[in-house]
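Data block for upload-v6.pdb (PDB, C-alpha atoms, pLDDT in the B column):
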ATOM      1  CA  MET A   1     103.054 -54.385  15.720  1.00 75.00           C
ATOM      2  CA  LYS A   2      99.646 -52.899  15.071  1.00 89.00           C
ATOM      3  CA  GLN A   3      96.702 -53.492  17.373  1.00 95.00           C
ATOM      4  CA  ILE A   4      94.146 -56.045  16.227  1.00 96.00           C
ATOM      5  CA  LYS A   5      90.863 -54.162  15.832  1.00 98.00           C
ATOM      6  CA  ILE A   6      87.632 -55.825  16.934  1.00 98.00           C
ATOM      7  CA  ALA A   7      84.163 -54.465  16.164  1.00 98.00           C
ATOM      8  CA  CYS A   8      81.334 -55.666  18.404  1.00 99.00           C
ATOM      9  CA  VAL A   9      78.222 -55.285  16.248  1.00 99.00           C
ATOM     10  CA  GLY A  10      74.690 -55.864  17.455  1.00 98.00           C
ATOM     11  CA  ASP A  11      71.621 -54.577  19.238  1.00 98.00           C
ATOM     12  CA  SER A  12      70.988 -53.416  22.806  1.00 98.00           C
ATOM     13  CA  ILE A  13      72.569 -56.539  24.290  1.00 98.00           C
ATOM     14  CA  THR A  14      75.860 -55.568  22.679  1.00 98.00           C
ATOM     15  CA  TYR A  15      75.298 -51.904  23.522  1.00 98.00           C
ATOM     16  CA  GLY A  16      74.869 -52.781  27.195  1.00 98.00           C
ATOM     17  CA  PHE A  17      71.314 -51.627  27.858  1.00 98.00           C
ATOM     18  CA  LEU A  18      70.327 -51.823  31.566  1.00 97.00           C
ATOM     19  CA  LEU A  19      73.959 -52.175  32.669  1.00 98.00           C
ATOM     20  CA  PHE A  20      75.160 -49.433  35.010  1.00 97.00           C
ATOM     21  CA  PRO A  21      77.576 -47.930  34.353  1.00 97.00           C
ATOM     22  CA  ARG A  22      77.069 -49.128  30.806  1.00 97.00           C
ATOM     23  CA  LYS A  23      80.454 -48.259  29.337  1.00 96.00           C
ATOM     24  CA  LYS A  24      82.202 -50.144  32.112  1.00 97.00           C
ATOM     25  CA  ASN A  25      80.005 -53.254  32.161  1.00 98.00           C
ATOM     26  CA  ALA A  26      79.009 -53.826  28.514  1.00 98.00           C
ATOM     27  CA  TYR A  27      80.615 -56.994  27.188  1.00 98.00           C
ATOM     28  CA  PRO A  28      82.801 -55.208  24.579  1.00 98.00           C
ATOM     29  CA  THR A  29      84.502 -53.232  27.341  1.00 98.00           C
ATOM     30  CA  ILE A  30      85.166 -56.365  29.375  1.00 98.00           C
ATOM     31  CA  LEU A  31      86.371 -58.125  26.230  1.00 98.00           C
ATOM     32  CA  GLY A  32      88.916 -55.385  25.623  1.00 98.00           C
ATOM     33  CA  GLN A  33      90.182 -55.672  29.176  1.00 98.00           C
ATOM     34  CA  ARG A  34      90.536 -59.438  28.874  1.00 98.00           C
ATOM     35  CA  LEU A  35      92.352 -59.335  25.554  1.00 97.00           C
ATOM     36  CA  GLY A  36      94.803 -56.630  26.567  1.00 97.00           C
ATOM     37  CA  LYS A  37      96.751 -53.910  24.782  1.00 96.00           C
ATOM     38  CA  LYS A  38      97.366 -55.889  21.598  1.00 95.00           C
ATOM     39  CA  PHE A  39      93.669 -55.491  20.790  1.00 97.00           C
ATOM     40  CA  LEU A  40      91.457 -52.459  20.202  1.00 98.00           C
ATOM     41  CA  VAL A  41      87.801 -53.285  20.884  1.00 98.00           C
ATOM     42  CA  ARG A  42      84.938 -50.955  19.935  1.00 98.00           C
ATOM     43  CA  ASN A  43      81.249 -51.195  20.763  1.00 98.00           C
ATOM     44  CA  PHE A  44      78.985 -50.589  17.758  1.00 99.00           C
ATOM     45  CA  GLY A  45      75.793 -51.883  19.357  1.00 98.00           C
ATOM     46  CA  VAL A  46      72.549 -49.943  18.796  1.00 98.00           C
ATOM     47  CA  ASN A  47      69.365 -50.378  20.835  1.00 98.00           C
ATOM     48  CA  GLY A  48      66.391 -51.868  19.015  1.00 98.00           C
ATOM     49  CA  THR A  49      68.143 -52.805  15.796  1.00 98.00           C
ATOM     50  CA  THR A  50      67.257 -55.691  13.510  1.00 98.00           C
ATOM     51  CA  ILE A  51      68.769 -57.861  10.821  1.00 98.00           C
ATOM     52  CA  ALA A  52      65.524 -57.484   8.878  1.00 97.00           C
ATOM     53  CA  ALA A  53      66.039 -54.865   6.172  1.00 97.00           C
ATOM     54  CA  ASN A  54      62.297 -54.158   6.340  1.00 96.00           C
ATOM     55  CA  GLY A  55      62.235 -54.020  10.142  1.00 97.00           C
ATOM     56  CA  ASN A  56      61.395 -50.957  12.201  1.00 97.00           C
ATOM     57  CA  GLN A  57      65.081 -50.196  12.826  1.00 98.00           C
ATOM     58  CA  PRO A  58      67.470 -52.049  10.484  1.00 98.00           C
ATOM     59  CA  TYR A  59      71.072 -52.027  11.665  1.00 98.00           C
ATOM     60  CA  THR A  60      72.294 -51.195   8.173  1.00 98.00           C
ATOM     61  CA  LEU A  61      70.499 -47.830   8.337  1.00 98.00           C
ATOM     62  CA  GLN A  62      72.233 -46.757  11.547  1.00 98.00           C
ATOM     63  CA  ASN A  63      75.254 -44.460  11.799  1.00 98.00           C
ATOM     64  CA  ALA A  64      76.962 -47.138  13.878  1.00 98.00           C
ATOM     65  CA  TYR A  65      76.913 -49.488  10.900  1.00 98.00           C
ATOM     66  CA  LYS A  66      78.755 -46.973   8.737  1.00 98.00           C
ATOM     67  CA  GLU A  67      81.176 -46.251  11.572  1.00 98.00           C
ATOM     68  CA  SER A  68      81.841 -49.960  12.099  1.00 98.00           C
ATOM     69  CA  LEU A  69      82.825 -50.314   8.442  1.00 98.00           C
ATOM     70  CA  GLU A  70      85.019 -47.206   8.593  1.00 98.00           C
ATOM     71  CA  PHE A  71      86.727 -48.714  11.644  1.00 98.00           C
ATOM     72  CA  GLN A  72      88.028 -51.424   9.275  1.00 98.00           C
ATOM     73  CA  ALA A  73      88.124 -54.075  11.948  1.00 98.00           C
ATOM     74  CA  ASP A  74      90.248 -57.177  11.659  1.00 96.00           C
ATOM     75  CA  ILE A  75      87.476 -59.116  13.399  1.00 97.00           C
ATOM     76  CA  ALA A  76      83.754 -58.371  13.756  1.00 98.00           C
ATOM     77  CA  ILE A  77      81.504 -60.093  16.294  1.00 98.00           C
ATOM     78  CA  LEU A  78      77.914 -60.054  15.018  1.00 98.00           C
ATOM     79  CA  MET A  79      74.981 -60.745  17.345  1.00 98.00           C
ATOM     80  CA  PHE A  80      71.397 -60.112  16.255  1.00 98.00           C
ATOM     81  CA  ALA A  81      67.884 -61.639  16.213  1.00 98.00           C
ATOM     82  CA  THR A  82      66.276 -60.584  19.513  1.00 98.00           C
ATOM     83  CA  ASN A  83      64.473 -57.590  17.995  1.00 98.00           C
ATOM     84  CA  ASP A  84      63.690 -59.606  14.882  1.00 98.00           C
ATOM     85  CA  THR A  85      61.303 -61.659  17.026  1.00 98.00           C
ATOM     86  CA  ARG A  86      59.057 -58.646  17.622  1.00 97.00           C
ATOM     87  CA  LYS A  87      55.812 -58.769  15.636  1.00 95.00           C
ATOM     88  CA  MET A  88      56.596 -55.804  13.359  1.00 96.00           C
ATOM     89  CA  ASN A  89      59.994 -57.272  12.442  1.00 97.00           C
ATOM     90  CA  ARG A  90      59.287 -60.965  11.925  1.00 97.00           C
ATOM     91  CA  ASN A  91      60.550 -62.236   8.594  1.00 93.00           C
ATOM     92  CA  THR A  92      61.990 -65.734   8.678  1.00 95.00           C
ATOM     93  CA  THR A  93      61.966 -65.888   4.868  1.00 95.00           C
ATOM     94  CA  GLU A  94      64.453 -63.041   4.437  1.00 97.00           C
ATOM     95  CA  PHE A  95      66.460 -63.493   7.646  1.00 98.00           C
ATOM     96  CA  LYS A  96      69.273 -65.542   6.112  1.00 97.00           C
ATOM     97  CA  SER A  97      69.473 -63.320   3.065  1.00 98.00           C
ATOM     98  CA  ASP A  98      69.585 -60.088   5.074  1.00 98.00           C
ATOM     99  CA  TYR A  99      72.092 -61.514   7.550  1.00 98.00           C
ATOM    100  CA  SER A 100      74.294 -62.826   4.726  1.00 98.00           C
ATOM    101  CA  LYS A 101      74.337 -59.383   3.110  1.00 98.00           C
ATOM    102  CA  LEU A 102      75.456 -57.818   6.397  1.00 98.00           C
ATOM    103  CA  ILE A 103      78.208 -60.397   6.790  1.00 98.00           C
ATOM    104  CA  ALA A 104      79.337 -59.881   3.201  1.00 98.00           C
ATOM    105  CA  SER A 105      79.659 -56.132   3.739  1.00 98.00           C
ATOM    106  CA  TYR A 106      82.302 -56.754   6.420  1.00 98.00           C
ATOM    107  CA  GLN A 107      84.038 -59.492   4.485  1.00 98.00           C
ATOM    108  CA  ALA A 108      84.276 -57.160   1.483  1.00 98.00           C
ATOM    109  CA  ILE A 109      86.678 -54.939   3.435  1.00 98.00           C
ATOM    110  CA  GLY A 110      88.719 -57.874   4.703  1.00 96.00           C
ATOM    111  CA  THR A 111      87.099 -58.274   8.112  1.00 97.00           C
ATOM    112  CA  TYR A 112      86.980 -61.752   9.661  1.00 97.00           C
ATOM    113  CA  VAL A 113      83.422 -62.378  10.907  1.00 98.00           C
ATOM    114  CA  ILE A 114      82.314 -64.323  13.969  1.00 98.00           C
ATOM    115  CA  ILE A 115      78.600 -64.975  14.497  1.00 98.00           C
ATOM    116  CA  MET A 116      77.116 -65.170  17.976  1.00 98.00           C
ATOM    117  CA  SER A 117      73.542 -66.205  18.705  1.00 98.00           C
ATOM    118  CA  SER A 118      71.454 -64.026  20.987  1.00 98.00           C
ATOM    119  CA  PRO A 119      70.794 -65.249  24.533  1.00 98.00           C
ATOM    120  CA  LYS A 120      67.548 -66.932  25.493  1.00 98.00           C
ATOM    121  CA  ILE A 121      64.498 -64.718  26.047  1.00 98.00           C
ATOM    122  CA  TYR A 122      63.064 -65.281  29.514  1.00 97.00           C
ATOM    123  CA  CYS A 123      59.581 -64.470  30.687  1.00 94.00           C
ATOM    124  CA  PRO A 124      59.852 -62.488  33.945  1.00 86.00           C
ATOM    125  CA  ARG A 125      57.882 -63.562  36.981  1.00 82.00           C
ATOM    126  CA  LYS A 126      54.228 -62.477  37.090  1.00 82.00           C
ATOM    127  CA  ARG A 127      54.171 -62.025  33.295  1.00 90.00           C
ATOM    128  CA  LYS A 128      52.579 -64.377  30.785  1.00 90.00           C
ATOM    129  CA  THR A 129      54.638 -63.111  27.862  1.00 93.00           C
ATOM    130  CA  PRO A 130      58.140 -61.627  27.463  1.00 96.00           C
ATOM    131  CA  TYR A 131      58.727 -57.891  27.491  1.00 95.00           C
ATOM    132  CA  TYR A 132      58.768 -55.832  24.279  1.00 96.00           C
ATOM    133  CA  GLY A 133      56.547 -58.318  22.423  1.00 96.00           C
ATOM    134  CA  MET A 134      59.433 -60.699  21.829  1.00 97.00           C
ATOM    135  CA  ASP A 135      59.007 -64.342  20.919  1.00 97.00           C
ATOM    136  CA  GLU A 136      61.252 -67.006  22.463  1.00 97.00           C
ATOM    137  CA  GLN A 137      60.258 -69.781  20.048  1.00 97.00           C
ATOM    138  CA  LEU A 138      61.007 -67.580  17.058  1.00 98.00           C
ATOM    139  CA  LEU A 139      64.387 -66.730  18.577  1.00 98.00           C
ATOM    140  CA  GLN A 140      65.191 -70.449  18.506  1.00 98.00           C
ATOM    141  CA  THR A 141      64.378 -70.464  14.794  1.00 98.00           C
ATOM    142  CA  TYR A 142      66.695 -67.519  14.185  1.00 98.00           C
ATOM    143  CA  ARG A 143      69.371 -69.273  16.213  1.00 98.00           C
ATOM    144  CA  GLU A 144      69.203 -72.267  13.887  1.00 98.00           C
ATOM    145  CA  LEU A 145      69.239 -70.026  10.812  1.00 98.00           C
ATOM    146  CA  SER A 146      72.303 -68.211  12.188  1.00 98.00           C
ATOM    147  CA  LYS A 147      73.991 -71.582  12.691  1.00 98.00           C
ATOM    148  CA  GLU A 148      73.240 -72.492   9.094  1.00 98.00           C
ATOM    149  CA  ILE A 149      74.781 -69.259   7.855  1.00 98.00           C
ATOM    150  CA  ALA A 150      77.913 -69.870   9.911  1.00 98.00           C
ATOM    151  CA  LEU A 151      78.200 -73.416   8.571  1.00 98.00           C
ATOM    152  CA  GLU A 152      77.599 -72.401   4.965  1.00 97.00           C
ATOM    153  CA  ARG A 153      80.165 -69.606   5.168  1.00 97.00           C
ATOM    154  CA  ALA A 154      82.652 -71.532   7.318  1.00 96.00           C
ATOM    155  CA  LEU A 155      82.465 -68.922  10.084  1.00 97.00           C
ATOM    156  CA  PRO A 156      82.958 -69.448  13.830  1.00 97.00           C
ATOM    157  CA  PHE A 157      79.666 -69.676  15.719  1.00 98.00           C
ATOM    158  CA  ILE A 158      79.296 -68.877  19.417  1.00 98.00           C
ATOM    159  CA  ASP A 159      76.100 -70.426  20.770  1.00 98.00           C
ATOM    160  CA  LEU A 160      75.328 -67.842  23.406  1.00 98.00           C
ATOM    161  CA  TYR A 161      71.732 -69.075  23.484  1.00 98.00           C
ATOM    162  CA  ALA A 162      72.825 -72.456  24.829  1.00 98.00           C
ATOM    163  CA  ILE A 163      75.172 -70.866  27.366  1.00 98.00           C
ATOM    164  CA  SER A 164      72.491 -68.464  28.623  1.00 98.00           C
ATOM    165  CA  GLN A 165      70.199 -71.332  29.601  1.00 98.00           C
ATOM    166  CA  ASP A 166      72.450 -71.910  32.624  1.00 98.00           C
ATOM    167  CA  TYR A 167      72.105 -68.279  33.803  1.00 98.00           C
ATOM    168  CA  PRO A 168      68.375 -67.470  34.146  1.00 97.00           C
ATOM    169  CA  THR A 169      68.945 -65.180  37.139  1.00 97.00           C
ATOM    170  CA  SER A 170      71.183 -62.954  35.012  1.00 98.00           C
ATOM    171  CA  PHE A 171      68.106 -61.928  33.019  1.00 97.00           C
ATOM    172  CA  LYS A 172      65.746 -61.118  35.880  1.00 95.00           C
ATOM    173  CA  LYS A 173      65.543 -57.390  35.085  1.00 94.00           C
ATOM    174  CA  ASP A 174      63.444 -57.781  31.937  1.00 97.00           C
ATOM    175  CA  GLY A 175      64.114 -61.292  30.672  1.00 97.00           C
ATOM    176  CA  VAL A 176      66.071 -59.982  27.684  1.00 98.00           C
ATOM    177  CA  HIS A 177      69.078 -57.956  28.786  1.00 98.00           C
ATOM    178  CA  PRO A 178      71.784 -59.662  30.853  1.00 98.00           C
ATOM    179  CA  ASP A 179      73.399 -58.396  34.037  1.00 98.00           C
ATOM    180  CA  LYS A 180      77.120 -57.742  34.426  1.00 97.00           C
ATOM    181  CA  ILE A 181      77.733 -61.354  35.485  1.00 98.00           C
ATOM    182  CA  PHE A 182      76.543 -62.664  32.154  1.00 98.00           C
ATOM    183  CA  ALA A 183      78.203 -59.777  30.292  1.00 98.00           C
ATOM    184  CA  ASN A 184      81.432 -61.125  31.734  1.00 98.00           C
ATOM    185  CA  ILE A 185      80.519 -64.639  30.554  1.00 98.00           C
ATOM    186  CA  MET A 186      79.934 -63.226  27.073  1.00 98.00           C
ATOM    187  CA  ALA A 187      83.350 -61.584  27.087  1.00 98.00           C
ATOM    188  CA  ILE A 188      85.009 -64.821  28.197  1.00 98.00           C
ATOM    189  CA  GLU A 189      83.348 -66.862  25.442  1.00 98.00           C
ATOM    190  CA  VAL A 190      84.154 -64.302  22.756  1.00 98.00           C
ATOM    191  CA  SER A 191      87.759 -63.960  23.913  1.00 98.00           C
ATOM    192  CA  LYS A 192      88.266 -67.731  23.558  1.00 97.00           C
ATOM    193  CA  VAL A 193      87.148 -67.657  19.939  1.00 97.00           C
ATOM    194  CA  VAL A 194      89.031 -64.454  19.120  1.00 97.00           C
ATOM    195  CA  LEU A 195      92.288 -65.851  20.452  1.00 95.00           C
ATOM    196  CA  LYS A 196      91.775 -69.064  18.500  1.00 93.00           C
ATOM    197  CA  CYS A 197      91.036 -67.102  15.331  1.00 90.00           C
ATOM    198  CA  ARG A 198      94.080 -64.938  15.921  1.00 86.00           C
ATOM    199  CA  LYS A 199      96.295 -67.976  15.550  1.00 80.00           C
ATOM    200  CA  GLU A 200      94.630 -68.890  12.273  1.00 78.00           C
ATOM    201  CA  MET A 201      94.446 -65.449  10.701  1.00 73.00           C
ATOM    202  CA  VAL A 202      97.002 -63.720   8.532  1.00 54.00           C
ATOM    203  CA  LEU A 203      96.803 -59.978   9.130  1.00 46.00           C
ATOM    204  CA  GLU A 204      98.343 -57.515   6.733  1.00 44.00           C
ATOM    205  CA  GLU A 205      99.745 -54.107   7.578  1.00 44.00           C
ATOM    206  CA  PRO A 206      99.744 -51.385   4.899  1.00 41.00           C
ATOM    207  CA  ASN A 207     102.830 -51.527   2.640  1.00 38.00           C
ATOM    208  CA  SER A 208     104.244 -54.534   4.436  1.00 34.00           C
ATOM    209  CA  SER A 209     104.461 -58.270   4.130  1.00 31.00           C
ATOM    210  CA  PRO A 210     101.717 -60.332   5.774  1.00 32.00           C
ATOM    211  CA  ILE A 211     102.267 -60.896   9.465  1.00 31.00           C
ATOM    212  CA  ILE A 212     100.938 -63.520  11.793  1.00 30.00           C
ATOM    213  CA  PRO A 213     100.354 -61.895  15.216  1.00 33.00           C
TER     214      PRO A 213
END
As a first step, turn the structure in this file into structure tokens.
Amino acid sequence: MKQIKIACVGDSITYGFLLFPRKKNAYPTILGQRLGKKFLVRNFGVNGTTIAANGNQPYTLQNAYKESLEFQADIAILMFATNDTRKMNRNTTEFKSDYSKLIASYQAIGTYVIIMSSPKIYCPRKRKTPYYGMDEQLLQTYRELSKEIALERALPFIDLYAISQDYPTSFKKDGVHPDKIFANIMAIEVSKVVLKCRKEMVLEEPNSSPIIP
């Protein structure tokens, strides 16, 4: 039986920025370990990327985006919005439209999409505002818009924002990027949804009848 391919798509939080060693501690790596040999998990996260097509670094213009499509994943975990809160990227009007287009590009190749909200943005001690010019209130808006997209498209939604509110100390480095403890929490939450989706999905192998893994 073929491996079930999972693409973890997102920004620096998916990539594993500030985790050392990154490849070992980024949530996609931990997810792969938790799911086991029946799954093939790849990390397609890119630092600084946005949903906004007119942002300073749109995900759809990155090589990783093209590679994630070529990977032809059975399941894609999408997590964005943190960088969309930065002043040069803010566009609440087009957020749903741009996000929907990204989702549709994966669905067009038969990939099952799961949406995950970004974790809460914390303001580190001795600072009046978050690092990188990010906006916590705007992130809450994007969280709600992401929820709406998931509901409208009947997609699973992982509310990582809500979960992260119980782990403020995991964000003490810069208030944005989680430590390995929370990366493990992310992997646990994603694995729960992936395994549930696995039972509901019908996966097809080339030149064969549909199989239910």
| said: Neighbouring residues of range 144-160 of chain A were defined as those with any atom within 8 Å, considering all atoms listed in the file; residues of the same chain fewer than 5 positions away were excluded. Please report them as JSON, numbers by chain. | reply: {"A": [95, 96, 100, 113, 114, 115, 116, 117, 118, 119, 186, 189, 190, 193]}
Which residues are near Tyr132 in chain A? Cut-off 10 Å, all atoms listed in the file, ignore same chain within fewer than 5 positions. Put them as a PDB file with C-alpha atoms, keeping the file's coordinate frame.
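File produced: selection02.pdb:
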ATOM      1  CA  ASN A  83      64.473 -57.590  17.995  1.00 98.00           C
ATOM      2  CA  THR A  85      61.303 -61.659  17.026  1.00 98.00           C
ATOM      3  CA  ARG A  86      59.057 -58.646  17.622  1.00 97.00           C
ATOM      4  CA  LYS A  87      55.812 -58.769  15.636  1.00 95.00           C
ATOM      5  CA  ASP A 174      63.444 -57.781  31.937  1.00 97.00           C
ATOM      6  CA  GLY A 175      64.114 -61.292  30.672  1.00 97.00           C
ATOM      7  CA  VAL A 176      66.071 -59.982  27.684  1.00 98.00           C
TER       8      VAL A 176
END
| said: List the spatial neighbours of range 39-41 of chain A as an NGL selection string - criterion: any atom at most 7 Å away, all atoms listed in the file, same-chain residues fewer than 6 positions off excluded. | reply: :A and (3-7 or 28 or 32)
For the selection you just gave me, I'd like the residues written to a file as an mmCIF file, keeping the file's coordinate frame, keeping C-alpha atoms.
data_model
loop_
_atom_site.group_PDB
_atom_site.id
_atom_site.type_symbol
_atom_site.label_atom_id
_atom_site.label_comp_id
_atom_site.auth_asym_id
_atom_site.auth_seq_id
_atom_site.Cartn_x
_atom_site.Cartn_y
_atom_site.Cartn_z
ATOM 1 C CA GLN A 3 96.702 -53.492 17.373
ATOM 2 C CA ILE A 4 94.146 -56.045 16.227
ATOM 3 C CA LYS A 5 90.863 -54.162 15.832
ATOM 4 C CA ILE A 6 87.632 -55.825 16.934
ATOM 5 C CA ALA A 7 84.163 -54.465 16.164
ATOM 6 C CA PRO A 28 82.801 -55.208 24.579
ATOM 7 C CA GLY A 32 88.916 -55.385 25.623
#
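Our summary of the geometry notes that CA of Leu31 in chain A is positioned 25.3 Å from CA of Pro58 in chain A.
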| Which residue gives the smallest distance to Arg22 in chain A among A:Thr50, A:Asp179, A:Thr60, A:Cys197, with only C-alpha atoms counted? |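 The shortest atom-to-atom distance to Arg22 in chain A comes from A:Asp179.
Between CA of Cys8 in chain A and CA of Thr129 in chain A there is a distance of 29.3 Å.
Atom pair CA of Lys192 in chain A / CA of Ala64 in chain A has a distance of 25.4 Å (rounded to one decimal).
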| message | With distances taken over only C-alpha atoms, which residue among A:Ile185, A:Ala81, A:Ala52, A:Leu61 lies nearest Asp11 in chain A? | response | A:Ala81
| message | Report as a PyMOL selection string all protein, DNA and RNA residues lying within 12 Å of Ser105 in chain A, evaluated on all atoms listed in the file, omitting residues in the same chain fewer than 5 positions from it. | response | chain A and resi 60+65-66+68-70+72-73+76+98-100+110-113
| Pick from A:Ala26, A:Lys2, A:Gly10, A:Leu78 nearest to Lys180 in chain A, counting only C-alpha atoms |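 Result for the nearest residue to Lys180 in chain A: A:Ala26.
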| request: Would you mind telling me which residue in A:Ser164, A:Thr82, A:Ser170, A:Thr49 lies nearest to Pro124 in chain A when using all atoms listed in the file? | output: A:Ser170
| request: Starting from the displayed file, determine the output of the PyMOL selection byres ((chain A and resi 19) around 12) and express the residue list as a PyMOL selection string. | output: chain A and resi 12-18+20-27+29+170-171+173-174+177-184
| field | Given only C-alpha atoms as the counted atoms, nearest of A:Ile75, A:Glu136, A:Lys196, A:Tyr167 to Tyr106 in chain A | value |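 Between A:Ile75, A:Glu136, A:Lys196, A:Tyr167, the residue approaching Tyr106 in chain A most closely is A:Ile75.
Among the candidate residues A:Ile188, A:Gly55, A:Ile121, A:Leu138, the one lying nearest to Ala162 in chain A is A:Ile121, with distances computed using all atoms listed in the file.
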Taking all atoms of range 157-165 of chain A that the file lists and extending 4 Å past them on each side, where is the centre of the axis-aligned box and how long are its edges? Answer in Å to one decimal, as AutoDock Vina command-line options.
--center_x 74.9 --center_y -70.1 --center_z 22.7 --size_x 17.5 --size_y 12.6 --size_z 21.9
